[in-house]
4 protein chains.
Amino acid sequence: MIQFHCDYIEGVHPKILERLCQTNLEQMPGYGKDHYCESAKQKIRCACNREDIDVHFISGGTQTNLIAIASLLKPYEAVISVAEGHIACHEVGAIEATGHNVIPFTSTDGTLTANQIRKYCSEFLSSPDFEFMVKPGMVYISFATESGTLYSKQDLLDIKKACAEFDIPLYIDGARMGYGLMSPVCDVTLEEIAQIADMFYIGGTKCGALIGEALVITNDKYKPYFRHLMKQRGGMLAKGRVLGLQFDTLFTDNLYFDICKKAVDLALKIRSAFENKGIKMWGNSFTNQQFPILTDSQLAHFDGLFTYEPWGQTPEGLNIVRFCTSWATTDENTAALIEHIDKL
Amino acid sequence: MIQFHCDYIEGVHPKILERLCQTNLEQMPGYGKDHYCESAKQKIRCACNREDIDVHFISGGTQTNLIAIASLLKPYEAVISVAEGHIACHEVGAIEATGHNVIPFTSTDGTLTANQIRKYCSEFLSSPDFEFMVKPGMVYISFATESGTLYSKQDLLDIKKACAEFDIPLYIDGARMGYGLMSPVCDVTLEEIAQIADMFYIGGTKCGALIGEALVITNDKYKPYFRHLMKQRGGMLAKGRVLGLQFDTLFTDNLYFDICKKAVDLALKIRSAFENKGIKMWGNSFTNQQFPILTDSQLAHFDGLFTYEPWGQTPEGLNIVRFCTSWATTDENTAALIEHIDKL
Amino acid sequence: MIQFHCDYIEGVHPKILERLCQTNLEQMPGYGKDHYCESAKQKIRCACNREDIDVHFISGGTQTNLIAIASLLKPYEAVISVAEGHIACHEVGAIEATGHNVIPFTSTDGTLTANQIRKYCSEFLSSPDFEFMVKPGMVYISFATESGTLYSKQDLLDIKKACAEFDIPLYIDGARMGYGLMSPVCDVTLEEIAQIADMFYIGGTKCGALIGEALVITNDKYKPYFRHLMKQRGGMLAKGRVLGLQFDTLFTDNLYFDICKKAVDLALKIRSAFENKGIKMWGNSFTNQQFPILTDSQLAHFDGLFTYEPWGQTPEGLNIVRFCTSWATTDENTAALIEHIDKL
Amino acid sequence: MIQFHCDYIEGVHPKILERLCQTNLEQMPGYGKDHYCESAKQKIRCACNREDIDVHFISGGTQTNLIAIASLLKPYEAVISVAEGHIACHEVGAIEATGHNVIPFTSTDGTLTANQIRKYCSEFLSSPDFEFMVKPGMVYISFATESGTLYSKQDLLDIKKACAEFDIPLYIDGARMGYGLMSPVCDVTLEEIAQIADMFYIGGTKCGALIGEALVITNDKYKPYFRHLMKQRGGMLAKGRVLGLQFDTLFTDNLYFDICKKAVDLALKIRSAFENKGIKMWGNSFTNQQFPILTDSQLAHFDGLFTYEPWGQTPEGLNIVRFCTSWATTDENTAALIEHIDKL
């Protein structure tokens, strides 16, 4: 069976594995103080075109989110997110376990808007129930979103402006940052994201690494003692080298972007294959996740041959499913899937 | 410079690395539901000679401790630990961040005793301040301890009995479990530990793995929904395979025990070398950590050639330092160090 | 201006004040260990017709809710509540601050149903996202609800049955318990509530007391060490006598029920006055809160003379406002309000 | 039996009770927005000679401490306190339950020193374990201390200076502020305390009130959204009037200071009586708490006639006990106690 249900099906990019093998017996300090971590941080600073940013490596997405959000909020503050945000529904209440509410915004496509932020924060400030409500303390968005959609550069600037109006920081979950940036419909760069967000992470786990995310802090206010918080929440690996080496490799010779671009290209070929058969796509994803809307019999066509992820149902009762590519998806497997789609 | 300051200086055991390479492109489910995790769990059940235990893989020690302790305590309960316990002074308040106190017990050698537990719990129950004190809700010990000392089988049975008298669970931090079990002065087996502890972990990070600890739950009461808590605290890796594969390898053909025994053997040779020079050792460690007591000039003898970790001072102002071996320590490096000790 | 906007406008019932004066200089132990607390507890046990319940006095509703819920949930569990529940939107994230999510259920009248619980819990257990979701760990309902509505005895039995099916406790917020029980449409007794709920509280602050709620624990499982949790969260008053004396008085000679009944009677007279003028009431409250739907000019009729609380708007843009009675509402003030309504 | 074991044995000062009676049926807004709260705040601002301070009323000491400390610390920070501080050992881990460590300083008399702070913070900053330790984030002291001792003005200025050197705030627990300020050995005023501390509270519960403490925030940095945090932790009473009215009365015509002075005077008479009999006093308390050191037979002399609180034992095995006065202690009862002491 060929697997397309998610983007963490295989291990790690071969170039990283090669370097893990080469460097395995080198002796170096623990806790991310090794020179591979330092080199990786420097390369990320270059990629962001900002020398003044802090970079930290954390083993997974949920952990990165909970540490970042705990660092950004005061005890009486909550984080704004779309209702389908990863922190809102996919992390077993990780944010609430740090003592903070998630304020769920409704969204039709996985994104939230500057005006939603403005409206909510204004209503909070003028509400007769003001003193009984949690203060909105930050905005969480994902790039790309859970539904594979993207914010335009103008969207992000608008959101940042709304945040600034209420003096709250903007945090971007970049679990699929690479796939987002490499989408043909993306008009924003990593450099621009590093100008707009107060804190964000560049996802490794889903974009070529075995484990690990690179958290970037651009706002000086949130830099001090961040490593203390990481350690406190169990987010600092003794052998930090494994994270540093991965990001050092990913940010050498454009590897991170190249492999993500390849994945998006393959995903869009799959998209075209579905569309060529007259099959509608759910949402508006031009990233590595594709969501065809299939009848039961169409779905059965794939069973036992290709894996996909059930995603939901349309109001008409049709199946929304997810086919995912990743840096590890091969041309052969993609061709096999497309050939099979063509037979629908 | 040859490094002996800690036991996480190198990467991962070559056999594990080999298997990571071999299996890297295999497609498999995420979040620890792959067959390598399953196989590793089964092998650990075998090693513990208990089919009824739950095994979970978590990326690091602090994270394992905080998840385990959060699962064992009620909101008004605290964990008993020696004052130099890892959770008490080396994790930036990770336990307090989950809402619980650490009750520090004094200890001369890193261990606590059954009678200390009895005395504290009895005094708590009969204290006039009973209702103003946190309830002691569990006991945390390390095997081996931070100082490299060990509990005897009888010690552990006594501690377990004291815990049972007050109906509180016993948790064992096994970051250096392998080195403890393979010490020539150890009279307890993994199988017996799995009989005595309600929960414990078998350390991977310091004992051959790149990252990862294997948490074992022996008491049925604490099994349900443990994975939910792991996910909530950021302790569940998307690519759980990396943890499963490591422990699967470590628990194949006795590898875990063999490599730890080798490390202890080398450490004891280093110990002998110091003792042969009339140098006293701090504490009573017959595991992979050795703590010679050195004058300033003796210490200078090593500078620039061999790394060690400053550990403290004796009342007389002499230096206690740590030399550590690990699964990765070579015969050559050990011989070089011993030769250098001989020249003191 | 005569105030009808809420039910905590005046101080304390005169009989309580009289006893506070009489007993003021009596010397007695602190922290609720005085004989007035003991006597009050015994009277509440009588009123509930259960000798086996634990009773604790806590100063306010939010504090009672957060202590109760913290005692009922495990770290990975969340509390089910209607979206307009007090804990869900009126306590600045007090529950989240203890580390737990509130799962908001939609409701048209402020109540939730057994089938909603069943559906949610079943879907949780069978969800593909099971391990990424917080476990529903208890049900929170209010009696009367924020909207003044009531559960029938059969509703409560059904909810309890649904809870039992998923082995989760039922907690009832009784901030307005007295007004609920004394409603002419109520078919359940305090005794029955003490049979059905695992934990609940009998509201004092809004029902005759100056401060204080009486928390009742009926399920043995949740009794141990509850006072420790109360102290930890700041919920144990040094001069507990002030709470004991109030509930001792309220549960002497049926005072609690008599004064609440009087308040409900007056509220229903106000309701009739509105209805006699053809004015529709929002929701279905036959308790001490009444919610007429008024045009802007009708509302202006009251301004400067009688206070009310803005409650919301109908889809048509009409004003929903709240008029509240309490144990302290006088016949004279009620007559004045009704006379004024008659002039609409 | 005449009770001297603590300072919360009776109810409330008669002048307060009188005003509670007078104002009981006045209608006023909830949640501390009434004019009595406003008036009380203004009087406290006057007493502190600072118009720019924020004042909040909270029902008890533990709750005040936990809310204050939660507002002052970042997630990775801990609070410095003497080991016998109320927060360190008498509040069931209330601070830890908010996620923060208490760092216990040893003390011979209940006070800590500027140099202890300096030493600890310097060592923290230069420690090789820096990144594994919680950051000291604030200093907590009590005035008077649990042992009845006092800081001199110079002590407080020194502590404040040490805090400033490390950029951490100073918080003073004033549960017995009145008794401290009125001690003949006190050389500091409320006005000066309001200059020195970043946040402190003026104790009501033990100094004339039925319930309630007045928290004062002098540092602008900690003022915003404090009421949100109070509500979140259950510290905002619906009938805030009961707190406002009490402090309004206590800060009218010097009542707070007069009644505390009277209590201290009586306590010092008791002290003299013990000393006249050659009985040594434990510690150095010239406030309302006196700690004679008694043999078993001396102690038996009081049994059944006067209550006292067991406080500990001297190394020689003698009994340290506490006799306490309060605003409510009468001349008659004091005379009776002294007469009884004279018979020792």
# chains A, B, ... in the order shown; residues from 1 in each chain; ligands from 1
>>> interface_residues(of="chain D", to="chain C", cutoff="9 Å", atoms="only C-alpha atoms", output="ChimeraX atom specification")
/D:2-3,6,8-14,17-18,20-21,23-30,59-66,91-95,97-98,205-206,210-211,228-229,231-239,241-242,328
>>> calpha_fit_and_write(fixed="chain B", moving="chain D", output="compact mmCIF listing (two decimals) with C-alpha atoms, in the first residue's frame")
# COMPACT_ATOMS: atom_id res chain seq x y z
CA MET D 1 40.70 17.52 24.07
CA ILE D 2 39.14 14.27 25.18
CA GLN D 3 35.77 14.70 26.87
CA PHE D 4 34.73 12.94 30.04
CA HIS D 5 32.49 15.60 31.60
CA CYS D 6 29.14 13.95 30.93
CA ASP D 7 27.46 10.95 29.34
CA TYR D 8 25.76 12.62 26.39
CA ILE D 9 28.78 13.81 24.45
CA GLU D 10 28.43 11.60 21.39
CA GLY D 11 25.47 10.72 19.17
CA VAL D 12 23.81 7.33 19.05
CA HIS D 13 24.99 3.74 19.21
CA PRO D 14 26.15 2.64 15.73
CA LYS D 15 23.74 -0.29 15.62
CA ILE D 16 20.84 2.09 16.08
CA LEU D 17 22.18 4.43 13.46
CA GLU D 18 22.48 1.54 11.07
CA ARG D 19 18.84 0.61 11.56
CA LEU D 20 17.73 4.24 11.26
CA CYS D 21 19.45 4.24 7.87
CA GLN D 22 17.97 0.92 6.82
CA THR D 23 14.40 1.84 7.72
CA ASN D 24 14.45 5.51 6.87
CA LEU D 25 12.22 5.37 3.83
CA GLU D 26 9.77 2.81 5.14
CA GLN D 27 6.30 4.26 5.34
CA MET D 28 4.62 3.87 8.66
CA PRO D 29 2.00 5.44 10.93
CA GLY D 30 2.84 8.37 13.21
CA TYR D 31 2.61 9.03 16.93
CA GLY D 32 4.21 5.79 18.07
CA LYS D 33 1.70 3.50 16.37
CA ASP D 34 4.34 1.93 14.11
CA HIS D 35 5.50 -1.66 14.41
CA TYR D 36 8.96 -0.70 15.68
CA CYS D 37 7.41 0.93 18.72
CA GLU D 38 5.23 -2.13 19.17
CA SER D 39 8.20 -4.45 18.89
CA ALA D 40 10.24 -2.35 21.31
CA LYS D 41 7.44 -2.36 23.84
CA GLN D 42 7.17 -6.11 23.61
CA LYS D 43 10.91 -6.52 24.14
CA ILE D 44 10.79 -4.28 27.18
CA ARG D 45 7.88 -6.31 28.54
CA CYS D 46 10.06 -9.38 28.09
CA ALA D 47 13.05 -7.75 29.77
CA CYS D 48 10.80 -6.83 32.69
CA ASN D 49 9.17 -10.26 32.61
CA ARG D 50 5.73 -8.66 32.83
CA GLU D 51 3.22 -8.83 30.04
CA ASP D 52 0.84 -6.50 31.83
CA ILE D 53 2.92 -3.33 31.82
CA ASP D 54 2.34 -0.28 29.64
CA VAL D 55 5.36 1.19 27.88
CA HIS D 56 5.55 4.70 26.41
CA PHE D 57 8.41 6.44 24.63
CA ILE D 58 9.10 10.09 25.45
CA SER D 59 11.86 12.24 24.04
CA GLY D 60 13.76 13.35 27.17
CA GLY D 61 14.17 12.94 30.90
CA THR D 62 12.68 16.20 32.17
CA GLN D 63 9.66 15.69 29.98
CA THR D 64 9.26 12.10 31.16
CA ASN D 65 9.51 13.16 34.78
CA LEU D 66 7.00 15.97 34.50
CA ILE D 67 4.46 13.87 32.60
CA ALA D 68 4.85 10.93 34.98
CA ILE D 69 4.56 13.05 38.08
CA ALA D 70 1.59 15.01 36.73
CA SER D 71 -0.13 11.67 36.14
CA LEU D 72 0.57 10.40 39.65
CA LEU D 73 -0.41 13.37 41.83
CA LYS D 74 -3.67 14.97 42.81
CA PRO D 75 -3.75 18.78 42.86
CA TYR D 76 -3.04 19.01 46.59
CA GLU D 77 -0.21 16.52 46.54
CA ALA D 78 3.56 16.90 46.36
CA VAL D 79 6.42 14.63 45.42
CA ILE D 80 9.09 13.52 47.88
CA SER D 81 12.65 13.64 46.51
CA VAL D 82 16.15 14.05 47.86
CA ALA D 83 17.20 17.69 47.70
CA GLU D 84 19.73 16.91 45.00
CA GLY D 85 17.19 15.00 42.91
CA HIS D 86 17.03 15.99 39.27
CA ILE D 87 13.45 17.22 39.62
CA ALA D 88 14.35 19.23 42.72
CA CYS D 89 17.14 21.34 41.34
CA HIS D 90 17.92 20.63 37.73
CA GLU D 91 14.71 21.13 35.78
CA VAL D 92 13.87 24.85 36.21
CA GLY D 93 10.87 24.09 38.38
CA ALA D 94 9.29 21.71 35.86
CA ILE D 95 7.30 19.98 38.58
CA GLU D 96 6.15 23.22 40.16
CA ALA D 97 5.07 24.36 36.71
CA THR D 98 2.61 21.46 36.73
CA GLY D 99 1.28 22.81 40.03
CA HIS D 100 3.02 20.51 42.50
CA ASN D 101 5.62 21.00 45.24
CA VAL D 102 8.79 19.00 45.52
CA ILE D 103 9.46 18.07 49.17
CA PRO D 104 13.24 17.97 49.53
CA PHE D 105 14.72 15.30 51.82
CA THR D 106 18.27 15.68 53.07
CA SER D 107 20.63 12.95 52.02
CA THR D 108 24.31 12.34 52.46
CA ASP D 109 24.75 10.12 49.44
CA GLY D 110 21.92 10.93 47.06
CA THR D 111 19.53 8.26 48.36
CA LEU D 112 16.55 8.50 50.65
CA THR D 113 15.36 5.88 53.11
CA ALA D 114 12.12 4.15 53.99
CA ASN D 115 12.30 5.59 57.46
CA GLN D 116 12.60 9.13 56.17
CA ILE D 117 9.39 8.55 54.23
CA ARG D 118 7.66 7.04 57.23
CA LYS D 119 8.76 9.82 59.52
CA TYR D 120 7.72 12.59 57.17
CA CYS D 121 4.34 11.08 56.31
CA SER D 122 3.55 10.27 59.93
CA GLU D 123 4.46 13.74 61.06
CA PHE D 124 2.37 15.20 58.25
CA LEU D 125 -0.67 13.21 59.32
CA SER D 126 -0.34 14.18 62.97
CA SER D 127 0.89 17.73 62.48
CA PRO D 128 -1.11 20.58 64.01
CA ASP D 129 -0.41 22.25 60.65
CA PHE D 130 -1.79 19.24 58.77
CA GLU D 131 -4.33 21.25 56.83
CA PHE D 132 -1.80 23.89 55.80
CA MET D 133 0.74 21.50 54.33
CA VAL D 134 0.82 19.77 50.96
CA LYS D 135 0.08 16.08 51.22
CA PRO D 136 3.06 13.88 50.35
CA GLY D 137 1.61 12.09 47.32
CA MET D 138 4.41 10.01 45.84
CA VAL D 139 8.08 9.18 46.20
CA TYR D 140 10.63 9.98 43.49
CA ILE D 141 14.00 8.27 43.54
CA SER D 142 16.71 7.89 40.91
CA PHE D 143 18.45 4.66 40.02
CA ALA D 144 21.37 5.35 39.82
CA THR D 145 21.23 8.61 41.76
CA GLU D 146 22.74 11.89 40.62
CA SER D 147 25.75 10.99 42.74
CA GLY D 148 26.11 7.58 41.15
CA THR D 149 24.95 5.70 44.21
CA LEU D 150 22.52 2.80 44.17
CA TYR D 151 19.70 1.43 46.23
CA SER D 152 20.00 -2.21 47.24
CA LYS D 153 17.13 -4.54 46.56
CA GLN D 154 16.30 -4.44 50.24
CA ASP D 155 16.39 -0.62 50.22
CA LEU D 156 13.88 -0.60 47.38
CA LEU D 157 11.61 -3.14 49.05
CA ASP D 158 11.71 -1.09 52.25
CA ILE D 159 10.88 2.10 50.39
CA LYS D 160 8.05 0.37 48.58
CA LYS D 161 6.74 -0.90 51.91
CA ALA D 162 6.83 2.60 53.37
CA CYS D 163 5.01 3.91 50.31
CA ALA D 164 2.38 1.21 50.67
CA GLU D 165 1.84 2.09 54.31
CA PHE D 166 0.83 5.57 53.24
CA ASP D 167 -0.83 4.45 50.01
CA ILE D 168 1.43 6.50 47.73
CA PRO D 169 3.15 5.33 44.55
CA LEU D 170 6.86 4.92 43.95
CA TYR D 171 8.40 6.36 40.80
CA ILE D 172 11.96 5.68 39.71
CA ASP D 173 13.89 8.02 37.42
CA GLY D 174 16.08 5.71 35.42
CA ALA D 175 18.02 8.19 33.31
CA ARG D 176 21.07 6.06 34.15
CA MET D 177 19.18 2.81 34.77
CA GLY D 178 21.56 0.80 32.58
CA TYR D 179 24.66 2.02 34.37
CA GLY D 180 23.02 1.33 37.70
CA LEU D 181 21.93 -2.20 36.87
CA MET D 182 25.34 -3.07 35.45
CA SER D 183 27.29 -1.88 38.46
CA PRO D 184 29.15 -4.68 40.24
CA VAL D 185 27.61 -3.53 43.52
CA CYS D 186 24.05 -3.70 42.18
CA ASP D 187 21.94 -6.55 43.55
CA VAL D 188 18.67 -5.75 41.86
CA THR D 189 17.43 -6.59 38.35
CA LEU D 190 15.23 -4.77 35.88
CA GLU D 191 12.65 -7.46 36.47
CA GLU D 192 12.66 -6.70 40.18
CA ILE D 193 12.43 -2.98 39.59
CA ALA D 194 9.36 -3.65 37.48
CA GLN D 195 7.89 -5.51 40.45
CA ILE D 196 8.69 -2.78 42.96
CA ALA D 197 8.01 0.54 41.21
CA ASP D 198 4.56 1.76 40.24
CA MET D 199 6.11 3.68 37.38
CA PHE D 200 9.71 4.07 36.20
CA TYR D 201 11.68 4.88 33.13
CA ILE D 202 14.53 3.18 31.37
CA GLY D 203 16.87 5.91 30.21
CA GLY D 204 17.86 6.00 26.58
CA THR D 205 19.48 9.41 26.05
CA LYS D 206 22.41 8.67 28.35
CA CYS D 207 22.55 4.94 27.59
CA GLY D 208 22.99 4.53 23.86
CA ALA D 209 20.07 6.38 22.28
CA LEU D 210 20.10 9.71 20.48
CA ILE D 211 16.98 10.82 22.30
CA GLY D 212 14.30 9.05 24.23
CA GLU D 213 13.29 7.36 27.44
CA ALA D 214 11.05 4.33 27.88
CA LEU D 215 8.44 4.95 30.57
CA VAL D 216 7.00 1.82 32.15
CA ILE D 217 3.68 1.81 34.04
CA THR D 218 3.24 -1.26 36.19
CA ASN D 219 0.30 -0.13 38.30
CA ASP D 220 -3.02 -0.44 36.47
CA LYS D 221 -4.37 2.61 38.25
CA TYR D 222 -2.12 4.94 36.30
CA LYS D 223 -2.50 3.46 32.83
CA PRO D 224 -5.69 5.00 31.43
CA TYR D 225 -5.35 8.02 29.18
CA PHE D 226 -1.61 8.30 29.67
CA ARG D 227 -1.09 9.04 25.98
CA HIS D 228 -3.49 11.97 26.28
CA LEU D 229 -1.32 13.46 28.98
CA MET D 230 1.82 12.84 26.91
CA LYS D 231 0.32 14.66 23.95
CA GLN D 232 -0.92 17.51 26.14
CA ARG D 233 2.54 18.16 27.52
CA GLY D 234 4.19 17.97 24.10
CA GLY D 235 5.68 14.54 24.76
CA MET D 236 4.36 12.64 21.76
CA LEU D 237 6.55 12.75 18.65
CA ALA D 238 4.88 12.65 15.23
CA LYS D 239 7.65 10.35 14.06
CA GLY D 240 7.51 8.07 17.06
CA ARG D 241 9.40 5.53 14.97
CA VAL D 242 12.65 7.19 15.92
CA LEU D 243 12.02 6.28 19.55
CA GLY D 244 10.66 2.82 18.88
CA LEU D 245 13.50 1.83 16.63
CA GLN D 246 16.08 2.89 19.17
CA PHE D 247 14.61 0.92 22.03
CA ASP D 248 13.92 -2.01 19.76
CA THR D 249 17.62 -2.10 18.95
CA LEU D 250 18.76 -1.51 22.52
CA PHE D 251 16.62 -4.39 23.77
CA THR D 252 17.80 -6.79 21.11
CA ASP D 253 20.62 -9.21 21.99
CA ASN D 254 21.15 -7.56 25.36
CA LEU D 255 22.68 -4.48 23.74
CA TYR D 256 21.41 -2.02 26.38
CA PHE D 257 23.00 -3.97 29.20
CA ASP D 258 26.21 -4.82 27.37
CA ILE D 259 27.08 -1.28 26.44
CA CYS D 260 26.22 0.03 29.90
CA LYS D 261 28.35 -2.67 31.50
CA LYS D 262 31.28 -1.68 29.33
CA ALA D 263 30.91 1.95 30.41
CA VAL D 264 30.83 1.00 34.08
CA ASP D 265 33.89 -1.20 33.66
CA LEU D 266 35.82 1.70 32.17
CA ALA D 267 34.63 4.03 34.91
CA LEU D 268 35.85 1.66 37.57
CA LYS D 269 39.26 1.50 35.91
CA ILE D 270 39.40 5.28 36.13
CA ARG D 271 38.37 5.04 39.77
CA SER D 272 41.16 2.56 40.46
CA ALA D 273 43.65 4.81 38.75
CA PHE D 274 42.72 7.70 41.04
CA GLU D 275 42.73 5.51 44.13
CA ASN D 276 46.08 4.06 43.17
CA LYS D 277 47.44 7.59 43.39
CA GLY D 278 46.01 7.94 46.87
CA ILE D 279 43.25 10.22 45.69
CA LYS D 280 40.02 9.98 47.61
CA MET D 281 36.71 9.61 45.83
CA TRP D 282 33.66 11.64 46.82
CA GLY D 283 30.62 9.59 47.68
CA ASN D 284 30.33 5.99 46.81
CA SER D 285 29.74 5.60 43.11
CA PHE D 286 30.38 2.31 41.41
CA THR D 287 28.55 3.34 38.28
CA ASN D 288 29.61 5.33 35.20
CA GLN D 289 30.20 8.53 37.15
CA GLN D 290 33.36 8.95 39.23
CA PHE D 291 34.03 11.86 41.55
CA PRO D 292 37.69 12.26 42.56
CA ILE D 293 38.57 14.92 45.12
CA LEU D 294 41.43 16.97 43.72
CA THR D 295 43.62 19.85 44.75
CA ASP D 296 43.82 22.85 42.47
CA SER D 297 47.14 21.74 41.07
CA GLN D 298 45.90 18.20 40.51
CA LEU D 299 42.95 19.62 38.64
CA ALA D 300 45.19 21.82 36.50
CA HIS D 301 46.94 18.67 35.42
CA PHE D 302 43.90 17.79 33.30
CA ASP D 303 43.10 21.19 31.87
CA GLY D 304 43.26 21.47 28.13
CA LEU D 305 43.59 17.73 27.74
CA PHE D 306 40.57 16.10 29.35
CA THR D 307 37.22 17.62 30.20
CA TYR D 308 35.53 16.97 33.53
CA GLU D 309 32.56 18.56 35.28
CA PRO D 310 32.99 20.71 38.39
CA TRP D 311 30.75 19.14 41.03
CA GLY D 312 31.40 21.09 44.22
CA GLN D 313 33.86 21.56 47.02
CA THR D 314 34.68 19.65 50.15
CA PRO D 315 34.44 21.48 53.47
CA GLU D 316 38.24 21.67 53.28
CA GLY D 317 38.05 23.51 49.96
CA LEU D 318 39.18 20.68 47.72
CA ASN D 319 37.58 20.21 44.33
CA ILE D 320 35.03 17.52 43.67
CA VAL D 321 34.85 16.88 39.94
CA ARG D 322 33.05 14.35 37.80
CA PHE D 323 34.55 12.08 35.18
CA CYS D 324 31.88 10.22 33.25
CA THR D 325 31.97 7.32 30.88
CA SER D 326 29.20 6.25 28.55
CA TRP D 327 28.41 3.54 26.02
CA ALA D 328 30.51 5.66 23.62
CA THR D 329 33.65 5.92 25.70
CA THR D 330 36.50 4.16 23.96
CA ASP D 331 39.19 1.98 25.44
CA GLU D 332 41.74 4.29 23.86
CA ASN D 333 40.41 7.44 25.48
CA THR D 334 40.12 5.68 28.81
CA ALA D 335 43.68 4.43 28.57
CA ALA D 336 44.84 7.93 27.74
CA LEU D 337 43.05 9.32 30.76
CA ILE D 338 44.41 6.64 33.07
CA GLU D 339 47.91 7.18 31.78
CA HIS D 340 47.47 10.85 32.56
CA ILE D 341 46.12 10.10 36.04
CA ASP D 342 49.12 7.91 36.68
CA LYS D 343 51.34 10.94 36.09
CA LEU D 344 49.67 12.94 38.86
>>> select_by_dssp(residues="range 35-107 of chain B", states="strand (DSSP E)", output="VMD selection string")
chain B and resid 54 to 58 77 to 82 102 to 105
>>> write_last_selection(atoms="N, CA and C atoms", output="CSV table (one decimal), in the first residue's frame")
chain,number,residue,atom,x,y,z
B,54,ASP,N,2.4,-1.2,30.8
B,54,ASP,CA,2.4,-0.3,29.6
B,54,ASP,C,3.7,0.4,29.4
B,55,VAL,N,4.1,0.5,28.2
B,55,VAL,CA,5.4,1.2,27.9
B,55,VAL,C,5.1,2.4,26.9
B,56,HIS,N,5.7,3.5,27.3
B,56,HIS,CA,5.6,4.7,26.4
B,56,HIS,C,6.9,5.3,26.2
B,57,PHE,N,7.1,5.8,25.0
B,57,PHE,CA,8.4,6.4,24.6
B,57,PHE,C,8.3,8.0,24.6
B,58,ILE,N,9.1,8.6,25.3
B,58,ILE,CA,9.1,10.1,25.5
B,58,ILE,C,10.5,10.6,25.2
B,77,GLU,N,-1.3,17.4,46.2
B,77,GLU,CA,-0.3,16.5,46.5
B,77,GLU,C,1.1,17.0,46.0
B,78,ALA,N,2.1,16.5,46.7
B,78,ALA,CA,3.5,16.9,46.4
B,78,ALA,C,4.3,15.6,46.2
B,79,VAL,N,5.5,15.8,45.6
B,79,VAL,CA,6.4,14.6,45.4
B,79,VAL,C,7.6,14.7,46.4
B,80,ILE,N,7.9,13.6,47.0
B,80,ILE,CA,9.1,13.5,47.9
B,80,ILE,C,10.3,13.2,47.0
B,81,SER,N,11.4,13.9,47.3
B,81,SER,CA,12.6,13.6,46.5
B,81,SER,C,13.8,14.1,47.4
B,82,VAL,N,15.0,13.5,47.2
B,82,VAL,CA,16.1,14.1,47.9
B,82,VAL,C,16.4,15.5,47.3
B,102,VAL,N,7.8,20.0,45.3
B,102,VAL,CA,8.7,19.0,45.5
B,102,VAL,C,9.1,19.1,47.0
B,103,ILE,N,9.0,18.0,47.7
B,103,ILE,CA,9.4,18.1,49.2
B,103,ILE,C,10.8,17.5,49.2
B,104,PRO,N,11.8,18.4,49.6
B,104,PRO,CA,13.2,18.0,49.5
B,104,PRO,C,13.6,17.3,50.8
B,105,PHE,N,14.2,16.1,50.7
B,105,PHE,CA,14.7,15.3,51.8
B,105,PHE,C,16.2,15.5,51.8
